[in-house]
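Enquirer: Shown below is the structure under consideration.
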Amino acid sequence: MKKVRSLLVANRSEIAIRVLRAASELGIRTVAVFSNEDRFALHRFKADESYLVGAGKRPIQAYLDIDDIIRVAREAEVDAIHPGYGFLSENPDFAEACAAAGIAFIGPEPEVMRRLGNKVAARELAERAGVPVVPATKALPPDLAGAARMAASVGYPLMLKASWGGGGRGMRVVESEAELGPAIEVARREALAAFGNDEVYLEKLVRRARHVEVQVLGDRHGRLVHLFERDCSVQRRNQKVVERAPAPYLDETTRQALCDAALRLAHAANYTHAGTVEFLMDADTGAFYFIEVNPRIQVEHTVTEQITGVDIVKAQIRITEGARIGEAESFVPAQADIRMSGHALQCRVTTEDPENGFTPDYGKIAVYRSAAGFGIRLDAGTAYSGAVITPYYDSLLVKVTAWGRSGDEAALRMDRALREFRVRGLATNLQFLENVIAHPLFRSGECTTRFIDETPELFQFVRRRDRATRLLKFLGNVAVNGNPEMKGRKLPALPLPRLQLPRTDLAAPVPPGTRDRLRELGPQRFAEWMKAQPQVLLTDTSMRDAHQSLFATRMRTHDMLAVAPHYARLAPQLFSLECWGGATFDVALRFLKEDPWERLQRLRQAVPNILFQMLLRASNAVGYTNYSDNVVRFFVQQAAKNGVDVFRVFDSLNWVDNMRVAMDAVIDAGALCEGTLCYTGDIFDSSRPKFDLKYYVGLAKQL
């Protein structure tokens with residue numbers, strides 16, 4: 001075997017990094033190429049050496065510049081070139097240029113690429129190999145009339161495809177002859193830009209189709225194996241979005257027939273290296289039809305690697321060196337020893353905005369946090385905090401591959417991984433992918449290639465709060481500019497006093513208190529117990545009225561929770577703790593940015609034994625306006641359910657009738673109602689004859 005000692009990757013971003021890593025693990029010196037627009041891309045820094053290619057050319061044309069790539073390869077003295085996928089990976093002229101330069105091309109022979117890369121020629125080969133094919137035309141002639149006659153011979157609806165290349169480029173559904181001309185024009189333009197060849201052809205459209213493909217590997221000694229199949233039915237505009245292996249809808253008989261058909265075609269073509277034989281499967285009949293061969297590694301090769309344990313990129317390199325499949329140095333076992341283990345699926349995370357027609361977004365990534373953990377594999381391009389995503393190339397950010405013992409486990413692991421991602425500064429399709437993975441049709445394996453188009457609920461998204469970014473911005477602003485609420489105020493003497501908590505055994509059981517008594521006696525008998533007590537019953541207002549009066553209700557839930565367990569153990573004799581109501585809602589929501597309901601629930605957990613008390617502003621509840629009766633009743637019901645035991649009900653004008661709804665609601669909720677009067681001044685002042693003691697006693701009797 002002639003060893004590859006130095007390798008150039010004629011590609012960019014994620015797939016370039018994937019190949020560079022495999023080569024590095026084999027001890028091979030690595031060389032990367034980059035366009036001017038990619039001068040800051042991560043792949044160029046992952047290689048031992050990197051060189052500018054296609055200087056002065058447009059971003060995509062730079063990576064299609066065969067002469068300049070060969071120039072760099074010669075100057076860098078490389079032994080082999082790996083084309084990745086896309087760009088020149090299916091171009092036989094590039095493979096021939098490598099051979100002419102004495103450089104090994106890691107892929108099939110040029111004549112095989114021509115035979116299979118041209119989808120019309122590949123169909124003819126498939127028919128000779130006894131592989132079922134979808135009815136289709138030959139390459140369309142330049143005149144529209146000739147193309148229309150060929151279309152009519154197959155029959156509408158049709159799928160228009162590029163003869164060279166894949167990835168959905170140049171593909172169009174043609175429903176009628178009226179759509180044919182414009183579709184051909186656009187498809188030819190796309191195909192020429194993507195593959196350097198504008199040849200297209202037409203294929204009969206299968207309405208309810210599944211897209212399934214078989215991974216094959218062939219060495220230079222005539223040995224060929226398959227690595228089973230992948231399902232690629234989840235597509236958008238003929239571009240794969242989620243892929244998985246094995247296909248969940250295949251039984252063993254159909255799987256074997258599919259893989260055998262792929263091997264027959266590969267043998268007929270004298271195929272070597274990695275390739276994918278793609279089929280359409282009619283979801284209604286189960287029949288499958290050959291579509292095309294992609295004579296290169298695929299974006300979704302990771303799922304196959306995860307279930308078979310075969311490193312396809314290393315295998316390509318070893319096959320180029322002359323290794324035989326079935327022998328250890330090839331990294332590929334014999335067919336009988338290749339087995340599937342578990343299930344895997346891959347999601348393509350892109351910087352596309354699903355809410356805006358999947359328009360690609362570009363700019364700087366402000367925050368990037370990726371997923372990790374058992375069974376998760378990441379294949380990323382330029383993806384990190386501070387990375388600049390340009391508008392010149394594919395929007396793929398990272399491929400996430402999840403493995404599991406079952407399809408459900410793999411899907412659940414993928415769902416967890418997608419939710420771990422944090423990408424800020426650019427739009428992504430993460431939530432869209434979460435919706436796809438969680439959808440029942442995906443989980444059951446019933447998706448067809450129309451799944452995304454026919455499932456509008458995939459586009460229903462929950463608006464993310466992005467709390468971390470907002471908090472960091474706030475802290476940064478305060479650190480630099482100071483808190484605006486402190487402007488003009490005198491700073492307190494430093495250092496600030498430290499919180500002194502009592503020495504309490506918080507592991508000790510909580511002693512019984514007034515709340516336990518209320519539960520034992522019920523509201524009516526508890527009220528009688530209260531009136532029978534000779535001592536004054538004390539309410540601690542520190543957590544509500546006291547700090548409302550002293551510093552505008554600014555005590556935080558955090559501060560209260562620190563001392564709450566000590567109350568429960570050291571002061572069970574208290575009648576109640578007033579910790580809610582009044583201005584609590586207003587301040588918590590507007591200034592402290594806290595949830596007052598969460599405060600009540602967490603305090604209740606910390607102090608289960610003492611009555612909780614709140615101030616209720618009658619028909620105003622805890623607001624500053626009158627609410628309808630049903631709102632007041634429901635609020636009281638929820639407050640009691642979440643932990644309030646005593647409702648101190650008052651009206652600012654001592655209007656008893658206005659307090660009635662709230663008081664009745666408290667009693668109906670099974671809580672204690674304290675009818676409360678407001679007064680100011682000296683009630684014994686004889687110069688104020690109206691608001692005297694008799695007046696207030698009269699109100700008390702009304703209550």
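Each chain in the structure tokens gets a letter, A, B and so on, in the order shown; residues start at 1 in every chain, and ligands are counted from 1 in the order they appear.
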Please give the complete set of residues from region 450-500 of chain A that DSSP, run on the backbone, assigns to alpha helix (DSSP H), formatted as a list in words.

Expert: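 The alpha helix (DSSP H) subset of region 450-500 of chain A is Arg467, Ala468, Thr469, Arg470, Leu471, Leu472, Lys473, Phe474, Leu475, Gly476, Asn477, Val478, Ala479, Val480 and Asn481 of chain A.
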
Enquirer: What would the file look like if the residues just selected were written as a CSV table (one decimal), in the first residue's frame with C-alpha atoms?

Expert:
chain,number,residue,atom,x,y,z
A,467,ARG,CA,-33.0,35.9,30.4
A,468,ALA,CA,-29.2,35.3,30.6
A,469,THR,CA,-28.4,37.8,27.9
A,470,ARG,CA,-30.7,40.4,29.4
A,471,LEU,CA,-29.2,39.9,32.8
A,472,LEU,CA,-25.7,40.2,31.5
A,473,LYS,CA,-26.5,43.4,29.6
A,474,PHE,CA,-28.1,44.8,32.8
A,475,LEU,CA,-25.1,43.9,34.9
A,476,GLY,CA,-22.7,45.2,32.4
A,477,ASN,CA,-24.6,48.5,32.1
A,478,VAL,CA,-24.7,48.9,35.9
A,479,ALA,CA,-21.0,48.0,36.3
A,480,VAL,CA,-20.1,50.7,33.7
A,481,ASN,CA,-22.7,53.4,34.2

Enquirer: Calculated over only C-alpha atoms, which of the candidates A:Glu25, A:His43, A:Gln605, A:Glu203 has the smallest distance to Asp311 (chain A)?

Expert: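 With only C-alpha atoms as the atom set, the closest residue is A:Glu25.
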
Enquirer: Run DSSP on the backbone and give me the residues of region 411-571 of chain A it puts in strand (DSSP E or B), as a list in words.

Expert: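 Strand (DSSP E or B) members of region 411-571 of chain A, listed: Arg422, Val423, Arg424, Thr539 and Asp540 of chain A.
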
Enquirer: Would you output that residue set with N, CA and C atoms, as an mmCIF file, in the first residue's frame?

Expert:
data_model
loop_
_atom_site.group_PDB
_atom_site.id
_atom_site.type_symbol
_atom_site.label_atom_id
_atom_site.label_comp_id
_atom_site.auth_asym_id
_atom_site.auth_seq_id
_atom_site.Cartn_x
_atom_site.Cartn_y
_atom_site.Cartn_z
ATOM 1 N N ARG A 422 -27.568 27.243 23.015
ATOM 2 C CA ARG A 422 -27.857 28.664 23.161
ATOM 3 C C ARG A 422 -27.081 29.404 22.071
ATOM 4 N N VAL A 423 -27.804 29.958 21.118
ATOM 5 C CA VAL A 423 -27.187 30.737 20.039
ATOM 6 C C VAL A 423 -27.852 32.096 20.037
ATOM 7 N N ARG A 424 -27.095 33.138 20.280
ATOM 8 C CA ARG A 424 -27.630 34.491 20.333
ATOM 9 C C ARG A 424 -26.910 35.373 19.301
ATOM 10 N N THR A 539 -48.799 39.671 65.399
ATOM 11 C CA THR A 539 -48.517 39.471 63.973
ATOM 12 C C THR A 539 -47.199 40.149 63.641
ATOM 13 N N ASP A 540 -46.292 39.408 63.003
ATOM 14 C CA ASP A 540 -45.012 39.983 62.562
ATOM 15 C C ASP A 540 -45.205 40.517 61.142
#

Enquirer: List the neighbours of region 265-278 of chain A out to 8 Å using only C-alpha atoms; skip same-chain residues closer than 6 positions along the sequence, and give me the result as a ChimeraX atom specification.

Expert: /A:106-109,112,115-116,125-126,129,131,211-220,222,224,290-298,312,315-316,319-320

Enquirer: Any idea what the distance is between CA of Leu672 (chain A) and CA of Pro572 (chain A)?

Expert: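 A separation of 18.2 Å between them.
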
Enquirer: Just want the 10 Å neighbourhood of region 405-420 of chain A, counted on only C-alpha atoms, with same-chain residues fewer than 5 positions away dropped. Output as a ChimeraX atom specification.

Expert: /A:244-248,307,341-347,349,369-377,400,430-431,433-438,442-445

Enquirer: Include N, CA and C atoms and write out the residues we just selected as a tab-separated table (two decimals), in the first residue's frame.

Expert:
chain	number	residue	atom	x	y	z
A	244	ARG	N	-32.15	9.89	9.55
A	244	ARG	CA	-32.01	8.87	10.60
A	244	ARG	C	-31.72	7.51	10.01
A	245	ALA	N	-31.16	6.67	10.85
A	245	ALA	CA	-30.84	5.30	10.45
A	245	ALA	C	-31.06	4.39	11.65
A	246	PRO	N	-31.62	3.21	11.43
A	246	PRO	CA	-32.19	2.74	10.17
A	246	PRO	C	-33.54	3.40	9.88
A	247	ALA	N	-34.06	3.19	8.66
A	247	ALA	CA	-35.38	3.71	8.31
A	247	ALA	C	-36.43	2.97	9.13
A	248	PRO	N	-37.27	3.68	9.87
A	248	PRO	CA	-38.18	3.02	10.82
A	248	PRO	C	-39.31	2.23	10.16
A	307	ILE	N	-24.39	4.00	13.84
A	307	ILE	CA	-25.05	2.69	14.04
A	307	ILE	C	-24.19	1.52	13.58
A	341	SER	N	-26.27	-1.26	15.23
A	341	SER	CA	-26.40	-1.19	16.68
A	341	SER	C	-27.16	0.08	17.05
A	342	GLY	N	-28.41	-0.07	17.44
A	342	GLY	CA	-29.20	1.07	17.88
A	342	GLY	C	-29.74	1.90	16.73
A	343	HIS	N	-30.11	3.13	17.08
A	343	HIS	CA	-30.70	4.08	16.12
A	343	HIS	C	-29.99	5.42	16.26
A	344	ALA	N	-29.90	6.13	15.14
A	344	ALA	CA	-29.27	7.46	15.17
A	344	ALA	C	-30.05	8.40	14.29
A	345	LEU	N	-30.04	9.66	14.65
A	345	LEU	CA	-30.65	10.68	13.80
A	345	LEU	C	-29.81	11.94	13.84
A	346	GLN	N	-29.86	12.69	12.76
A	346	GLN	CA	-29.06	13.90	12.61
A	346	GLN	C	-29.95	15.09	12.30
A	347	CYS	N	-29.71	16.20	12.98
A	347	CYS	CA	-30.38	17.46	12.70
A	347	CYS	C	-29.36	18.47	12.20
A	349	VAL	N	-28.49	22.09	12.17
A	349	VAL	CA	-28.76	23.40	12.78
A	349	VAL	C	-28.20	24.46	11.86
A	369	ARG	N	-23.44	28.29	22.84
A	369	ARG	CA	-23.24	27.17	23.76
A	369	ARG	C	-23.84	25.94	23.12
A	370	SER	N	-23.04	24.91	22.97
A	370	SER	CA	-23.51	23.71	22.28
A	370	SER	C	-23.90	22.63	23.28
A	371	ALA	N	-24.49	21.58	22.75
A	371	ALA	CA	-24.92	20.46	23.58
A	371	ALA	C	-23.76	19.50	23.81
A	372	ALA	N	-23.97	18.56	24.71
A	372	ALA	CA	-22.96	17.55	25.00
A	372	ALA	C	-23.66	16.38	25.68
A	373	GLY	N	-22.87	15.38	26.08
A	373	GLY	CA	-23.41	14.26	26.82
A	373	GLY	C	-23.38	12.97	26.04
A	374	PHE	N	-23.68	11.89	26.74
A	374	PHE	CA	-23.64	10.55	26.16
A	374	PHE	C	-24.54	10.46	24.93
A	375	GLY	N	-23.98	9.87	23.85
A	375	GLY	CA	-24.78	9.63	22.65
A	375	GLY	C	-24.96	10.82	21.75
A	376	ILE	N	-24.28	11.93	22.04
A	376	ILE	CA	-24.41	13.14	21.21
A	376	ILE	C	-23.10	13.40	20.48
A	377	ARG	N	-23.20	13.61	19.19
A	377	ARG	CA	-22.04	13.93	18.35
A	377	ARG	C	-22.28	15.26	17.65
A	400	VAL	N	-25.97	17.94	14.43
A	400	VAL	CA	-26.11	17.25	15.72
A	400	VAL	C	-26.59	15.83	15.44
A	430	LEU	N	-33.44	26.14	15.49
A	430	LEU	CA	-33.45	25.20	16.61
A	430	LEU	C	-34.86	24.85	17.06
A	431	GLN	N	-35.71	25.85	17.26
A	431	GLN	CA	-37.07	25.55	17.72
A	431	GLN	C	-37.85	24.76	16.67
A	433	LEU	N	-36.56	22.59	14.61
A	433	LEU	CA	-36.09	21.21	14.72
A	433	LEU	C	-36.69	20.51	15.94
A	434	GLU	N	-36.82	21.24	17.05
A	434	GLU	CA	-37.45	20.67	18.24
A	434	GLU	C	-38.87	20.22	17.93
A	435	ASN	N	-39.60	21.05	17.17
A	435	ASN	CA	-40.97	20.71	16.81
A	435	ASN	C	-41.02	19.48	15.91
A	436	VAL	N	-40.08	19.37	14.99
A	436	VAL	CA	-40.03	18.21	14.09
A	436	VAL	C	-39.79	16.94	14.89
A	437	ILE	N	-38.79	16.97	15.77
A	437	ILE	CA	-38.41	15.78	16.53
A	437	ILE	C	-39.54	15.33	17.46
A	438	ALA	N	-40.30	16.30	17.98
A	438	ALA	CA	-41.36	15.97	18.94
A	438	ALA	C	-42.67	15.57	18.27
A	442	PHE	N	-43.32	12.13	13.09
A	442	PHE	CA	-41.89	11.83	13.01
A	442	PHE	C	-41.56	10.65	13.92
A	443	ARG	N	-42.08	10.68	15.14
A	443	ARG	CA	-41.77	9.61	16.09
A	443	ARG	C	-42.24	8.25	15.57
A	444	SER	N	-43.38	8.24	14.88
A	444	SER	CA	-43.92	6.97	14.40
A	444	SER	C	-43.29	6.52	13.09
A	445	GLY	N	-42.51	7.39	12.44
A	445	GLY	CA	-41.88	7.03	11.18
A	445	GLY	C	-42.80	7.14	9.98

Enquirer: Please provide the set of residues having any atom within 8 Å of region 187-194 of chain A, restricted to only C-alpha atoms, with same-chain residues fewer than 2 positions apart removed, written as a list in words.

Expert: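 After dropping sequence-adjacent residues, the list is Phe87, Leu160, Lys161, Ala162, Trp164, Gly165, Arg169, Gly170, Met171, Arg172, Ala183, Ile184, Glu185, Gly196, Asn197, Asp198, Glu199 and Val200 of chain A.
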
Enquirer: Emit the selected residues as a PDB file, in the first residue's frame, including N, CA and C atoms.

Expert:
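What landed in out_30.pdb:
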ATOM      1  N   PHE A  87     -19.487  21.461  -4.075  1.00  0.00           N
ATOM      2  CA  PHE A  87     -18.380  22.040  -4.841  1.00  0.00           C
ATOM      3  C   PHE A  87     -17.902  21.073  -5.936  1.00  0.00           C
ATOM      4  N   LEU A 160     -38.395  18.160 -11.848  1.00  0.00           N
ATOM      5  CA  LEU A 160     -37.273  18.626 -12.654  1.00  0.00           C
ATOM      6  C   LEU A 160     -36.011  18.547 -11.810  1.00  0.00           C
ATOM      7  N   LYS A 161     -34.946  17.938 -12.355  1.00  0.00           N
ATOM      8  CA  LYS A 161     -33.719  17.734 -11.586  1.00  0.00           C
ATOM      9  C   LYS A 161     -32.495  18.097 -12.400  1.00  0.00           C
ATOM     10  N   ALA A 162     -31.428  18.490 -11.671  1.00  0.00           N
ATOM     11  CA  ALA A 162     -30.132  18.707 -12.311  1.00  0.00           C
ATOM     12  C   ALA A 162     -29.491  17.351 -12.584  1.00  0.00           C
ATOM     13  N   TRP A 164     -26.347  16.812 -12.887  1.00  0.00           N
ATOM     14  CA  TRP A 164     -25.097  16.723 -12.131  1.00  0.00           C
ATOM     15  C   TRP A 164     -25.310  17.375 -10.768  1.00  0.00           C
ATOM     16  N   GLY A 165     -24.880  16.666  -9.712  1.00  0.00           N
ATOM     17  CA  GLY A 165     -24.963  17.266  -8.371  1.00  0.00           C
ATOM     18  C   GLY A 165     -26.271  16.938  -7.684  1.00  0.00           C
ATOM     19  N   ARG A 169     -30.544  21.381  -5.271  1.00  0.00           N
ATOM     20  CA  ARG A 169     -30.360  22.504  -6.195  1.00  0.00           C
ATOM     21  C   ARG A 169     -30.801  22.100  -7.597  1.00  0.00           C
ATOM     22  N   GLY A 170     -31.558  22.982  -8.214  1.00  0.00           N
ATOM     23  CA  GLY A 170     -32.073  22.711  -9.547  1.00  0.00           C
ATOM     24  C   GLY A 170     -33.347  21.893  -9.562  1.00  0.00           C
ATOM     25  N   MET A 171     -33.853  21.493  -8.404  1.00  0.00           N
ATOM     26  CA  MET A 171     -35.047  20.646  -8.348  1.00  0.00           C
ATOM     27  C   MET A 171     -36.305  21.499  -8.289  1.00  0.00           C
ATOM     28  N   ARG A 172     -37.288  21.138  -9.094  1.00  0.00           N
ATOM     29  CA  ARG A 172     -38.554  21.860  -9.139  1.00  0.00           C
ATOM     30  C   ARG A 172     -39.691  20.881  -9.446  1.00  0.00           C
ATOM     31  N   ALA A 183     -39.661  26.932 -14.999  1.00  0.00           N
ATOM     32  CA  ALA A 183     -38.958  26.025 -14.086  1.00  0.00           C
ATOM     33  C   ALA A 183     -37.608  25.599 -14.665  1.00  0.00           C
ATOM     34  N   ILE A 184     -37.596  25.287 -15.966  1.00  0.00           N
ATOM     35  CA  ILE A 184     -36.332  24.881 -16.610  1.00  0.00           C
ATOM     36  C   ILE A 184     -35.321  26.017 -16.548  1.00  0.00           C
ATOM     37  N   GLU A 185     -35.782  27.218 -16.803  1.00  0.00           N
ATOM     38  CA  GLU A 185     -34.877  28.376 -16.797  1.00  0.00           C
ATOM     39  C   GLU A 185     -34.202  28.543 -15.431  1.00  0.00           C
ATOM     40  N   GLY A 196     -21.508  23.822 -12.109  1.00  0.00           N
ATOM     41  CA  GLY A 196     -20.769  24.136 -13.329  1.00  0.00           C
ATOM     42  C   GLY A 196     -21.324  23.473 -14.563  1.00  0.00           C
ATOM     43  N   ASN A 197     -22.551  22.932 -14.489  1.00  0.00           N
ATOM     44  CA  ASN A 197     -23.178  22.253 -15.623  1.00  0.00           C
ATOM     45  C   ASN A 197     -24.685  22.453 -15.506  1.00  0.00           C
ATOM     46  N   ASP A 198     -25.324  22.937 -16.576  1.00  0.00           N
ATOM     47  CA  ASP A 198     -26.751  23.280 -16.490  1.00  0.00           C
ATOM     48  C   ASP A 198     -27.667  22.201 -17.057  1.00  0.00           C
ATOM     49  N   GLU A 199     -27.165  20.972 -17.217  1.00  0.00           N
ATOM     50  CA  GLU A 199     -27.987  19.900 -17.775  1.00  0.00           C
ATOM     51  C   GLU A 199     -29.055  19.484 -16.765  1.00  0.00           C
ATOM     52  N   VAL A 200     -30.310  19.327 -17.232  1.00  0.00           N
ATOM     53  CA  VAL A 200     -31.415  18.924 -16.369  1.00  0.00           C
ATOM     54  C   VAL A 200     -32.249  17.857 -17.082  1.00  0.00           C
TER      55      VAL A 200
END

Enquirer: Pick from A:Gly56, A:Pro360, A:Gly670, A:Pro511: nearest to Gln524 (chain A), with only C-alpha atoms counted?

Expert: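 Distance minimum relative to Gln524 (chain A) lands on A:Gly670.
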